[in-house]
Structures are given as structure tokens and as C-alpha cells.
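What follows is the content of query32.pdb (PDB, C-alpha atoms).
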ATOM      1  CA  MET A  21     129.544-206.537 -41.107
ATOM      2  CA  PHE A  22     126.026-205.658 -39.945
ATOM      3  CA  ASP A  23     127.301-203.801 -36.886
ATOM      4  CA  LEU A  24     124.484-201.680 -35.417
ATOM      5  CA  THR A  25     126.529-200.055 -32.650
ATOM      6  CA  GLY A  26     125.347-196.508 -31.999
ATOM      7  CA  MET A  27     122.046-197.088 -33.746
ATOM      8  CA  THR A  28     118.613-196.958 -32.109
ATOM      9  CA  ALA A  29     115.557-199.019 -32.983
ATOM     10  CA  LEU A  30     111.870-199.145 -32.137
ATOM     11  CA  VAL A  31     110.446-202.677 -32.281
ATOM     12  CA  THR A  32     106.688-203.216 -31.959
ATOM     13  CA  GLY A  33     105.285-206.475 -30.648
ATOM     14  CA  ALA A  34     108.666-206.941 -28.993
ATOM     15  CA  SER A  35     107.610-209.379 -26.286
ATOM     16  CA  GLY A  36     106.076-211.878 -28.706
ATOM     17  CA  GLY A  37     107.792-214.925 -30.211
ATOM     18  CA  ILE A  38     109.191-213.430 -33.398
ATOM     19  CA  GLY A  39     109.365-209.897 -31.923
ATOM     20  CA  SER A  40     111.580-210.962 -29.038
ATOM     21  CA  ALA A  41     113.888-212.834 -31.423
ATOM     22  CA  ILE A  42     114.148-209.701 -33.583
ATOM     23  CA  ALA A  43     114.892-207.581 -30.513
ATOM     24  CA  ARG A  44     117.570-210.000 -29.334
ATOM     25  CA  ALA A  45     119.199-210.040 -32.759
ATOM     26  CA  LEU A  46     119.257-206.226 -33.058
ATOM     27  CA  ALA A  47     120.583-205.881 -29.497
ATOM     28  CA  ARG A  48     123.295-208.454 -30.155
ATOM     29  CA  GLN A  49     124.525-206.329 -33.083
ATOM     30  CA  GLY A  50     124.801-203.332 -30.762
ATOM     31  CA  ALA A  51     121.569-201.402 -31.335
ATOM     32  CA  ARG A  52     119.822-199.675 -28.446
ATOM     33  CA  LEU A  53     116.141-200.556 -28.409
ATOM     34  CA  ALA A  54     112.783-199.101 -27.533
ATOM     35  CA  LEU A  55     110.651-202.183 -26.969
ATOM     36  CA  SER A  56     106.947-201.777 -27.541
ATOM     37  CA  GLY A  57     104.044-204.093 -26.880
ATOM     38  CA  SER A  58     100.529-204.018 -25.519
ATOM     39  CA  ASN A  59     101.282-206.074 -22.393
ATOM     40  CA  ALA A  60     103.339-203.752 -20.158
ATOM     41  CA  GLU A  61     104.140-206.480 -17.637
ATOM     42  CA  LYS A  62     105.451-208.918 -20.236
ATOM     43  CA  LEU A  63     107.395-206.109 -21.843
ATOM     44  CA  THR A  64     109.082-205.043 -18.610
ATOM     45  CA  ALA A  65     110.055-208.645 -17.899
ATOM     46  CA  PHE A  66     111.541-209.004 -21.374
ATOM     47  CA  ARG A  67     113.437-205.734 -21.023
ATOM     48  CA  ALA A  68     114.935-206.960 -17.767
ATOM     49  CA  GLU A  69     115.886-210.257 -19.364
ATOM     50  CA  LEU A  70     117.541-208.473 -22.274
ATOM     51  CA  GLY A  71     119.661-206.335 -19.934
ATOM     52  CA  GLY A  72     121.564-203.342 -21.335
ATOM     53  CA  ASP A  73     120.114-199.840 -21.513
ATOM     54  CA  HIS A  74     117.074-200.654 -23.605
ATOM     55  CA  VAL A  75     113.754-199.001 -22.785
ATOM     56  CA  ALA A  76     110.179-200.231 -22.696
ATOM     57  CA  VAL A  77     107.459-198.072 -24.311
ATOM     58  CA  PRO A  78     104.137-199.915 -24.013
ATOM     59  CA  ALA A  79     101.390-199.019 -26.489
ATOM     60  CA  ASP A  80      98.079-200.464 -27.608
ATOM     61  CA  LEU A  81      98.345-200.338 -31.399
ATOM     62  CA  SER A  82      94.586-200.666 -31.852
ATOM     63  CA  ASP A  83      94.317-197.145 -30.386
ATOM     64  CA  PRO A  84      95.298-194.530 -33.023
ATOM     65  CA  VAL A  85      96.154-191.943 -30.355
ATOM     66  CA  ALA A  86      98.529-194.368 -28.637
ATOM     67  CA  VAL A  87     100.072-195.158 -32.028
ATOM     68  CA  ASP A  88     100.664-191.487 -32.816
ATOM     69  CA  ASN A  89     102.317-190.980 -29.424
ATOM     70  CA  LEU A  90     104.611-193.978 -29.746
ATOM     71  CA  VAL A  91     107.335-192.662 -32.069
ATOM     72  CA  PRO A  92     107.773-189.359 -30.179
ATOM     73  CA  ALA A  93     107.927-191.317 -26.898
ATOM     74  CA  ALA A  94     110.491-193.737 -28.332
ATOM     75  CA  VAL A  95     112.616-190.935 -29.808
ATOM     76  CA  GLU A  96     112.663-189.178 -26.453
ATOM     77  CA  ALA A  97     113.499-192.348 -24.546
ATOM     78  CA  LEU A  98     116.299-193.133 -27.002
ATOM     79  CA  GLY A  99     117.975-189.760 -26.592
ATOM     80  CA  GLY A 100     116.551-187.925 -29.591
ATOM     81  CA  LYS A 101     117.232-190.250 -32.501
ATOM     82  CA  LEU A 102     115.609-193.156 -34.275
ATOM     83  CA  ASP A 103     117.526-195.078 -36.935
ATOM     84  CA  ILE A 104     115.418-198.219 -37.267
ATOM     85  CA  LEU A 105     111.684-198.913 -37.075
ATOM     86  CA  VAL A 106     110.555-202.540 -37.040
ATOM     87  CA  ASN A 107     106.815-202.927 -37.573
ATOM     88  CA  ASN A 108     106.419-206.391 -36.144
ATOM     89  CA  ALA A 109     103.225-206.253 -34.101
ATOM     90  CA  GLY A 110     100.380-208.225 -35.614
ATOM     91  CA  VAL A 111      97.140-209.875 -34.638
ATOM     92  CA  THR A 112      94.976-212.566 -36.194
ATOM     93  CA  ARG A 113      91.195-212.885 -36.139
ATOM     94  CA  ASP A 114      90.778-215.915 -38.382
ATOM     95  CA  ASN A 115      87.424-216.721 -39.926
ATOM     96  CA  LEU A 116      85.970-217.732 -43.250
ATOM     97  CA  VAL A 117      85.034-214.656 -45.246
ATOM     98  CA  MET A 118      81.382-215.629 -45.187
ATOM     99  CA  ARG A 119      81.457-215.636 -41.406
ATOM    100  CA  MET A 120      83.923-212.816 -40.875
ATOM    101  CA  LYS A 121      82.556-209.951 -38.831
ATOM    102  CA  ASP A 122      83.300-206.326 -39.674
ATOM    103  CA  GLU A 123      85.125-205.999 -36.360
ATOM    104  CA  GLU A 124      87.372-208.948 -37.175
ATOM    105  CA  TRP A 125      88.338-207.311 -40.442
ATOM    106  CA  ASP A 126      88.774-203.866 -38.867
ATOM    107  CA  GLN A 127      90.875-205.002 -35.903
ATOM    108  CA  VAL A 128      93.386-206.815 -38.065
ATOM    109  CA  ILE A 129      93.700-203.991 -40.584
ATOM    110  CA  ARG A 130      93.975-201.415 -37.800
ATOM    111  CA  VAL A 131      96.808-203.105 -35.913
ATOM    112  CA  ASN A 132      98.704-204.792 -38.744
ATOM    113  CA  LEU A 133      98.456-202.156 -41.450
ATOM    114  CA  GLU A 134      97.166-198.819 -40.183
ATOM    115  CA  ALA A 135      99.438-198.725 -37.123
ATOM    116  CA  ALA A 136     102.418-199.579 -39.328
ATOM    117  CA  PHE A 137     101.488-196.688 -41.621
ATOM    118  CA  ARG A 138     101.126-194.240 -38.739
ATOM    119  CA  LEU A 139     104.435-195.328 -37.191
ATOM    120  CA  ALA A 140     106.291-195.130 -40.504
ATOM    121  CA  ARG A 141     104.857-191.670 -41.159
ATOM    122  CA  ALA A 142     106.019-190.459 -37.759
ATOM    123  CA  ALA A 143     109.424-192.157 -37.980
ATOM    124  CA  ALA A 144     110.114-190.645 -41.411
ATOM    125  CA  ARG A 145     110.420-187.224 -39.796
ATOM    126  CA  PRO A 146     113.530-187.787 -37.652
ATOM    127  CA  MET A 147     114.937-190.126 -40.313
ATOM    128  CA  MET A 148     114.625-187.479 -43.037
ATOM    129  CA  LYS A 149     116.422-184.978 -40.838
ATOM    130  CA  ALA A 150     119.184-187.469 -40.162
ATOM    131  CA  ARG A 151     119.402-188.469 -43.842
ATOM    132  CA  PHE A 152     119.389-192.065 -42.644
ATOM    133  CA  GLY A 153     116.734-194.570 -41.698
ATOM    134  CA  ARG A 154     115.644-198.170 -41.914
ATOM    135  CA  ILE A 155     111.985-199.180 -41.858
ATOM    136  CA  VAL A 156     111.382-202.924 -41.807
ATOM    137  CA  SER A 157     107.877-204.368 -41.673
ATOM    138  CA  ILE A 158     107.170-207.987 -40.876
ATOM    139  CA  THR A 159     104.707-209.260 -43.413
ATOM    140  CA  SER A 160     103.927-212.935 -44.098
ATOM    141  CA  VAL A 161     104.073-215.548 -46.790
ATOM    142  CA  VAL A 162     100.266-215.537 -46.735
ATOM    143  CA  GLY A 163     100.271-211.910 -47.929
ATOM    144  CA  GLN A 164     101.637-213.378 -51.152
ATOM    145  CA  THR A 165      99.899-216.742 -51.321
ATOM    146  CA  GLY A 166      96.644-216.177 -49.435
ATOM    147  CA  ASN A 167      95.332-218.607 -46.853
ATOM    148  CA  PRO A 168      91.762-219.756 -46.242
ATOM    149  CA  GLY A 169      90.371-218.244 -43.058
ATOM    150  CA  GLN A 170      92.793-215.313 -43.179
ATOM    151  CA  ALA A 171      91.356-212.849 -45.687
ATOM    152  CA  ASN A 172      91.833-210.013 -43.200
ATOM    153  CA  TYR A 173      95.344-211.067 -42.200
ATOM    154  CA  ALA A 174      96.480-211.752 -45.781
ATOM    155  CA  ALA A 175      95.104-208.372 -46.897
ATOM    156  CA  SER A 176      96.901-206.567 -44.087
ATOM    157  CA  LYS A 177     100.183-208.304 -44.896
ATOM    158  CA  ALA A 178      99.907-207.697 -48.651
ATOM    159  CA  GLY A 179      99.024-204.098 -47.775
ATOM    160  CA  LEU A 180     102.304-203.714 -45.890
ATOM    161  CA  VAL A 181     104.215-204.760 -49.001
ATOM    162  CA  GLY A 182     102.481-202.192 -51.225
ATOM    163  CA  MET A 183     102.816-199.439 -48.657
ATOM    164  CA  SER A 184     106.503-200.196 -48.196
ATOM    165  CA  LYS A 185     107.151-200.009 -51.931
ATOM    166  CA  ALA A 186     105.463-196.599 -52.183
ATOM    167  CA  LEU A 187     107.275-195.258 -49.130
ATOM    168  CA  ALA A 188     110.572-196.688 -50.374
ATOM    169  CA  GLN A 189     110.236-194.598 -53.536
ATOM    170  CA  GLU A 190     109.323-191.472 -51.582
ATOM    171  CA  LEU A 191     112.249-191.707 -49.154
ATOM    172  CA  ALA A 192     115.076-193.321 -51.144
ATOM    173  CA  SER A 193     116.724-189.978 -51.932
ATOM    174  CA  ARG A 194     117.052-189.264 -48.224
ATOM    175  CA  GLY A 195     119.031-192.354 -47.292
ATOM    176  CA  ILE A 196     115.999-194.160 -45.888
ATOM    177  CA  THR A 197     115.232-197.710 -46.972
ATOM    178  CA  VAL A 198     111.857-199.381 -46.530
ATOM    179  CA  ASN A 199     111.622-203.163 -46.777
ATOM    180  CA  CYS A 200     109.642-206.164 -45.598
ATOM    181  CA  VAL A 201     110.543-209.541 -44.174
ATOM    182  CA  ALA A 202     108.042-212.311 -44.931
ATOM    183  CA  PRO A 203     108.273-215.274 -42.564
ATOM    184  CA  GLY A 204     106.861-218.645 -43.581
ATOM    185  CA  PHE A 205     105.944-221.113 -40.840
ATOM    186  CA  ILE A 206     107.932-220.241 -37.751
ATOM    187  CA  ARG A 207     108.179-222.423 -34.647
ATOM    188  CA  SER A 208     106.067-220.862 -31.921
ATOM    189  CA  ALA A 209     103.655-221.654 -29.121
ATOM    190  CA  MET A 210     101.024-221.787 -31.860
ATOM    191  CA  THR A 211     102.790-224.363 -34.043
ATOM    192  CA  ASP A 212     103.942-226.430 -31.019
ATOM    193  CA  VAL A 213     100.377-227.440 -30.217
ATOM    194  CA  LEU A 214      99.495-228.573 -33.754
ATOM    195  CA  PRO A 215      98.578-232.289 -33.989
ATOM    196  CA  ASP A 216     101.335-234.455 -35.465
ATOM    197  CA  ALA A 217      99.372-235.251 -38.634
ATOM    198  CA  GLN A 218      98.880-231.565 -39.327
ATOM    199  CA  LYS A 219     102.548-230.867 -38.594
ATOM    200  CA  GLN A 220     103.594-233.537 -41.085
ATOM    201  CA  ALA A 221     101.292-232.106 -43.744
ATOM    202  CA  LEU A 222     102.780-228.669 -43.120
ATOM    203  CA  LEU A 223     106.357-229.921 -43.334
ATOM    204  CA  ALA A 224     105.642-231.727 -46.607
ATOM    205  CA  ARG A 225     105.095-228.282 -48.176
ATOM    206  CA  ILE A 226     108.443-226.944 -46.989
ATOM    207  CA  PRO A 227     111.462-227.995 -49.100
ATOM    208  CA  ALA A 228     113.817-227.282 -46.182
ATOM    209  CA  GLY A 229     111.889-229.928 -44.226
ATOM    210  CA  ASP A 230     111.648-227.917 -41.034
ATOM    211  CA  LEU A 231     109.855-224.958 -39.514
ATOM    212  CA  GLY A 232     111.776-221.705 -39.262
ATOM    213  CA  SER A 233     112.910-220.084 -36.032
ATOM    214  CA  GLY A 234     112.645-216.570 -34.648
ATOM    215  CA  GLU A 235     116.411-216.282 -35.129
ATOM    216  CA  ASP A 236     115.965-216.767 -38.881
ATOM    217  CA  ILE A 237     113.695-213.714 -38.911
ATOM    218  CA  GLY A 238     115.950-211.729 -36.573
ATOM    219  CA  ALA A 239     118.911-212.244 -38.907
ATOM    220  CA  ALA A 240     116.906-210.974 -41.893
ATOM    221  CA  VAL A 241     115.859-207.867 -39.962
ATOM    222  CA  VAL A 242     119.454-207.239 -38.871
ATOM    223  CA  TYR A 243     120.601-207.373 -42.487
ATOM    224  CA  LEU A 244     117.941-204.961 -43.758
ATOM    225  CA  SER A 245     118.660-202.614 -40.811
ATOM    226  CA  SER A 246     122.380-202.496 -41.467
ATOM    227  CA  LYS A 247     124.377-199.844 -43.293
ATOM    228  CA  GLU A 248     125.486-202.580 -45.673
ATOM    229  CA  ALA A 249     121.902-202.982 -46.968
ATOM    230  CA  GLY A 250     121.661-199.317 -47.960
ATOM    231  CA  TYR A 251     121.093-200.101 -51.654
ATOM    232  CA  VAL A 252     118.244-202.524 -50.924
ATOM    233  CA  THR A 253     114.843-200.844 -50.774
ATOM    234  CA  GLY A 254     111.226-201.647 -51.583
ATOM    235  CA  GLN A 255     111.980-205.356 -51.284
ATOM    236  CA  THR A 256     110.437-208.276 -49.466
ATOM    237  CA  LEU A 257     112.872-210.820 -48.091
ATOM    238  CA  HIS A 258     111.087-214.180 -47.874
ATOM    239  CA  VAL A 259     112.331-216.411 -45.058
ATOM    240  CA  ASN A 260     110.343-219.595 -45.484
ATOM    241  CA  GLY A 261     112.553-222.617 -46.162
ATOM    242  CA  GLY A 262     111.473-222.529 -49.802
ATOM    243  CA  MET A 263     107.749-223.078 -49.245
ATOM    244  CA  ALA A 264     106.926-220.185 -51.577
ATOM    245  CA  MET A 265     109.360-218.769 -54.097
ATOM    246  CA  VAL A 266     108.291-215.366 -55.335
TER
ATOM    247  CA  MET B  11     114.655-156.949 -45.324
ATOM    248  CA  SER B  12     112.987-158.441 -42.261
ATOM    249  CA  GLU B  13     114.752-160.769 -39.882
ATOM    250  CA  THR B  14     112.259-163.510 -40.778
ATOM    251  CA  ALA B  15     113.119-163.142 -44.461
ATOM    252  CA  ASP B  16     116.827-163.526 -43.746
ATOM    253  CA  ARG B  17     116.324-166.693 -41.731
ATOM    254  CA  VAL B  18     113.870-168.177 -44.251
ATOM    255  CA  LYS B  19     116.284-167.555 -47.104
ATOM    256  CA  LYS B  20     119.161-169.078 -45.173
ATOM    257  CA  ILE B  21     117.125-172.261 -44.609
ATOM    258  CA  VAL B  22     116.145-172.417 -48.282
ATOM    259  CA  VAL B  23     119.766-172.008 -49.394
ATOM    260  CA  GLU B  24     120.910-174.740 -47.014
ATOM    261  CA  HIS B  25     118.158-177.222 -47.819
ATOM    262  CA  LEU B  26     117.955-176.825 -51.560
ATOM    263  CA  GLY B  27     121.635-176.135 -52.150
ATOM    264  CA  VAL B  28     120.901-173.117 -54.354
ATOM    265  CA  GLU B  29     122.785-169.825 -54.761
ATOM    266  CA  ALA B  30     121.653-167.174 -52.280
ATOM    267  CA  ASP B  31     120.967-164.608 -55.011
ATOM    268  CA  LYS B  32     118.438-166.946 -56.649
ATOM    269  CA  VAL B  33     116.342-166.972 -53.485
ATOM    270  CA  THR B  34     114.301-163.845 -54.177
ATOM    271  CA  GLU B  35     110.969-163.295 -52.467
ATOM    272  CA  ASP B  36     109.081-164.077 -55.657
ATOM    273  CA  ALA B  37     110.986-167.281 -56.325
ATOM    274  CA  SER B  38     108.808-170.400 -56.500
ATOM    275  CA  PHE B  39     110.294-173.333 -54.624
ATOM    276  CA  ILE B  40     109.360-175.807 -57.327
ATOM    277  CA  ASP B  41     109.524-173.758 -60.548
ATOM    278  CA  ASP B  42     112.528-171.540 -59.776
ATOM    279  CA  LEU B  43     114.519-173.337 -57.111
ATOM    280  CA  GLY B  44     114.233-176.936 -58.323
ATOM    281  CA  ALA B  45     112.491-178.299 -55.220
ATOM    282  CA  ASP B  46     110.376-181.445 -55.394
ATOM    283  CA  SER B  47     107.396-182.243 -53.194
ATOM    284  CA  LEU B  48     109.558-183.984 -50.593
ATOM    285  CA  ASP B  49     111.845-180.922 -50.447
ATOM    286  CA  ILE B  50     108.774-178.817 -49.639
ATOM    287  CA  VAL B  51     107.860-181.171 -46.775
ATOM    288  CA  GLU B  52     111.391-180.823 -45.435
ATOM    289  CA  LEU B  53     111.405-177.045 -45.804
ATOM    290  CA  VAL B  54     108.150-176.805 -43.879
ATOM    291  CA  MET B  55     109.627-179.032 -41.137
ATOM    292  CA  ALA B  56     112.693-176.779 -41.002
ATOM    293  CA  PHE B  57     110.571-173.609 -40.809
ATOM    294  CA  GLU B  58     108.507-175.134 -38.001
ATOM    295  CA  GLU B  59     111.636-175.910 -36.054
ATOM    296  CA  GLU B  60     113.413-172.602 -36.682
ATOM    297  CA  PHE B  61     110.447-170.393 -35.839
ATOM    298  CA  GLY B  62     108.526-172.569 -33.369
ATOM    299  CA  VAL B  63     105.363-172.324 -35.461
ATOM    300  CA  GLU B  64     103.082-175.120 -36.511
ATOM    301  CA  ILE B  65     102.303-175.163 -40.228
ATOM    302  CA  PRO B  66      99.321-177.459 -40.831
ATOM    303  CA  ASP B  67      99.104-179.361 -44.131
ATOM    304  CA  ASP B  68      96.404-177.150 -45.650
ATOM    305  CA  ALA B  69      98.527-174.044 -44.973
ATOM    306  CA  ALA B  70     101.691-175.756 -46.191
ATOM    307  CA  GLU B  71     100.010-176.517 -49.515
ATOM    308  CA  LYS B  72      99.532-172.774 -50.113
ATOM    309  CA  ILE B  73     103.178-171.938 -49.462
ATOM    310  CA  THR B  74     104.688-172.030 -52.938
ATOM    311  CA  THR B  75     107.062-169.053 -52.937
ATOM    312  CA  VAL B  76     109.665-167.676 -50.545
ATOM    313  CA  LYS B  77     107.382-164.740 -49.876
ATOM    314  CA  ASP B  78     104.470-167.073 -48.988
ATOM    315  CA  ALA B  79     106.654-168.677 -46.340
ATOM    316  CA  ILE B  80     107.833-165.379 -44.871
ATOM    317  CA  THR B  81     104.288-164.018 -44.730
ATOM    318  CA  TYR B  82     102.872-167.141 -43.071
ATOM    319  CA  ILE B  83     105.627-167.223 -40.458
ATOM    320  CA  ASP B  84     105.334-163.502 -39.660
ATOM    321  CA  GLU B  85     101.595-163.900 -39.171
ATOM    322  CA  HIS B  86     101.839-166.972 -36.946
ATOM    323  CA  LYS B  87     105.033-166.850 -34.920
ATOM    324  CA  GLY B  88     104.606-166.130 -31.241
TER
END

Please express the file's structure as C-alpha cells.
Amino acid sequence: MFDLTGMTALVTGASGGIGSAIARALARQGARLALSGSNAEKLTAFRAELGGDHVAVPADLSDPVAVDNLVPAAVEALGGKLDILVNNAGVTRDNLVMRMKDEEWDQVIRVNLEAAFRLARAAARPMMKARFGRIVSITSVVGQTGNPGQANYAASKAGLVGMSKALAQELASRGITVNCVAPGFIRSAMTDVLPDAQKQALLARIPAGDLGSGEDIGAAVVYLSSKEAGYVTGQTLHVNGGMAMV
Amino acid sequence: MSETADRVKKIVVEHLGVEADKVTEDASFIDDLGADSLDIVELVMAFEEEFGVEIPDDAAEKITTVKDAITYIDEHKG
């Protein structure tokens, strides 16, 4: 089950916490990866660590030209085919709405939502020809629940869900599924530095009583990328220990 | 019949799975050949690949019949 041998995948934000866990999970199932990220050095180091014949294709997703070049570059580097696109890259520019600057709004929407749209549009081409494709976007529980200080981020993540549902309907007849994975609170460098009191308050909201791990997200992406998930499209798989049930 | 017409018709038959004799020059992709809007996008992609032409979106929107496609390709192929 969930064997990805012979399949190729482009993963954005691949050197980050969740992104690297997704990449590891896909690679473990046999997929060949094009790893993308904005920090070329970090990306090259991660590629080396991962081993295998994966490729690194750095790109700054806040630059629309770089975004439009990314899928063609990945397809070429992967030998002419692209089976899986994982839109994982995301940024935050947290601020209360009343203090939020236009640039803070724009940057988050541009990287989290617009880049995902541009990449999906480009990836749909080779996928339509192949009559097979998997597009998985990493959204967030806050796209569903909202979160003070994250109007831009929550909007971008909710936007991914709506876009994926529309695209899922457009492409279903061609063997292409389009889904989202919505992580809850995942253990990361960011959550590690939270004060204990805040950590306890956070955990009290999570029925599972623990933060999630990157591996939890990687497993969800593997499932939605697999042939076995071919009848699942337009869905959001929430991976959050029960903190929000939607 | 021109060579372009033959190749266009072959692509249409393959992509839409229709009988070759239904693919007349006056046939409308949507009204006569049962294509939907996604089929049109795919046909345009296939024409671009077969003939090495670029068919921008505003031109693609005007291609509604087999003849429209043949004419556009003949005018633009290198």
C-alpha cells in the first residue's frame, strides 16, 4: 500500500520543519523528488542528507517569475514527468488587523496562496497529459478556525481550501486529485521555545494531549499522493490530535 | 485536403474519441463533437505540441470549429 515507486514529486518549502518531514516520507515510499526552497544552501544540505537521486530546485516563491519557472525546471530535472505537487511553502507575518501593513498582507497571500495557484496551474499541464496527478496543499487548522494576529495567514490557508475544491472539480475527470492537509500544532523550533505555561494552555486544547510531529503530516501527504487515494478529491485531511473537528 | 487538416483531424479523433467522419471542417468542438471546456484546453495543448505553435488564450477562445483550428495553425506555424 501507498507505494510511490516510479513517481516524481515537487515539494516546496522542502528544507523547513514540516517540508523536510514530507520529503522524507515521500522518499521513503519510493518517490523521486524535486526539492524546492528559498534558501539554496539549506536545500543542498538537505538534499545531500536525503541521499538518493533527488534534485534541488531553489526558488523564491515571492517572485512570480521564479514561481512560473519552477514547474518546468522541476519537470526537466525529474526526467520529463511530474506526478505529485506538494504546496507546502508558507510564511507568516503576524499582526493584529488594525496594525497589519499592506505588505504584510500581500507577502503572505503571495507566497502561501498565489504561488500555490501558479504552481498548480503549471503542474496541471503535464498531469493532464499523463491522465494522472496528485496536488496536495498544506493548509492549516487556522484556515478553518481563525486565529487572532493571523488574518493574512488564515485567509491564505482558507483560500487554499477553496482553490483546491474548484481545481478538484475541474481535473477529476483526468485522473488528477487535488486535496489539502491541515496540520494543527506541530512540534517545531517555533513551539520548542514557547514558555511552559503557554505550552500547557495549548495542550489543554488538544484532546490527544500532545503536539503533532512532522511525520504525522508526512504520512497524510503520502496517503493523498498514493494511487490508493484516487477516489479522494477536494478534501481537507485535518491532522490535529482532535483540537478542531470539522 | 491540406496536411494540416489531416493532422488536426487525427488529433481531434484521438482526443475526443469521435468517429473520423464526424470531424468535418465545419464541426464545432462543443456543439457537434461533445467536447467540454477542459477538452478544448487539452486540444489546444495538443495542437501546440504537434505543430510547434503557441496559441495564446485570447486566440484559443476564438477557435470553436475544426476549421478555426486549421486556419489558425496554417497562419502561425513556422

Dump as an NGL selection string the residues of chain A that approach chain B to within 10 Å, counting only C-alpha atoms. :A and (145 or 148-149 or 190-191 or 193-194)

Selection in question (the file shown): the PyMOL selection byres ((chain A and resi 147) around 9). Which residues does it include, as an MDAnalysis selection string? chainID A and resid 101:104 143:146 148:154 194:196

Take the PyMOL selection byres ((chain B and resi 33-46) around 12), apply it to the structure above, and return the hits as a PyMOL selection string. (chain A and resi 190+193) or (chain B and resi 11-12+14-32+47-54+71-81)

Just how far from atom CA of Ile129 of chain A is atom CA of Val111 of chain A, in Å to one decimal? 9.0 Å

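Excluding segment 84-95 of chain A itself and same-chain residues fewer than 4 positions from it, the residues having an atom within 9 Å of it are Thr28, Ala29, Leu30, Leu53, Ala54, Leu55, Ser56, Val75, Ala76, Val77, Pro78, Ala79, Asp80, Gly99, Gly100, Lys101, Leu102, Arg130, Glu134, Ala135, Ala136, Arg138, Leu139, Ala140, Ala142, Ala143 and Pro146 of chain A, counting all atoms listed in the file.
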
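Every protein, DNA or RNA residue with an atom at most 6 Å from segment 38-49 of chain A, where only C-alpha atoms count and chain neighbours fewer than 2 positions away do not, is listed here: Asp23, Leu24, Gly33, Ala34, Ser35, Gly36, Ala51, Gly234, Glu235, Gly238 and Val242 of chain A.
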
When the PyMOL selection byres ((chain B and resi 63) around 12) is applied to the structure above, which residues does it catch, written out as a list in words? Val54, Met55, Ala56, Phe57, Glu58, Glu59, Glu60, Phe61, Gly62, Glu64, Ile65, Pro66, Ala69, Ala70, Ala79, Ile80, Tyr82, Ile83, Asp84, Glu85, His86, Lys87 and Gly88 of chain B

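Contact shell of Gly204 of chain A at 10 Å (all atoms listed in the file; same-chain neighbours under 3 positions omitted): Thr159, Ser160, Val161, Val162, Val201, Arg207, Ile226, Leu231, Gly232, Ser233, Ile237, His258, Val259, Asn260, Gly261, Gly262, Met263 and Ala264 of chain A.
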
Leu133 of chain A surroundings by only C-alpha atoms, 12 Å radius, close-in-sequence under 5 positions cut, as a PyMOL selection string: chain A and resi 81-82+84+87+107-111+125-128+138-140+157-159+163+172-184

Atom pair atom CA of Thr253 of chain A + atom CA of Ile206 of chain A, distance 24.4 Å
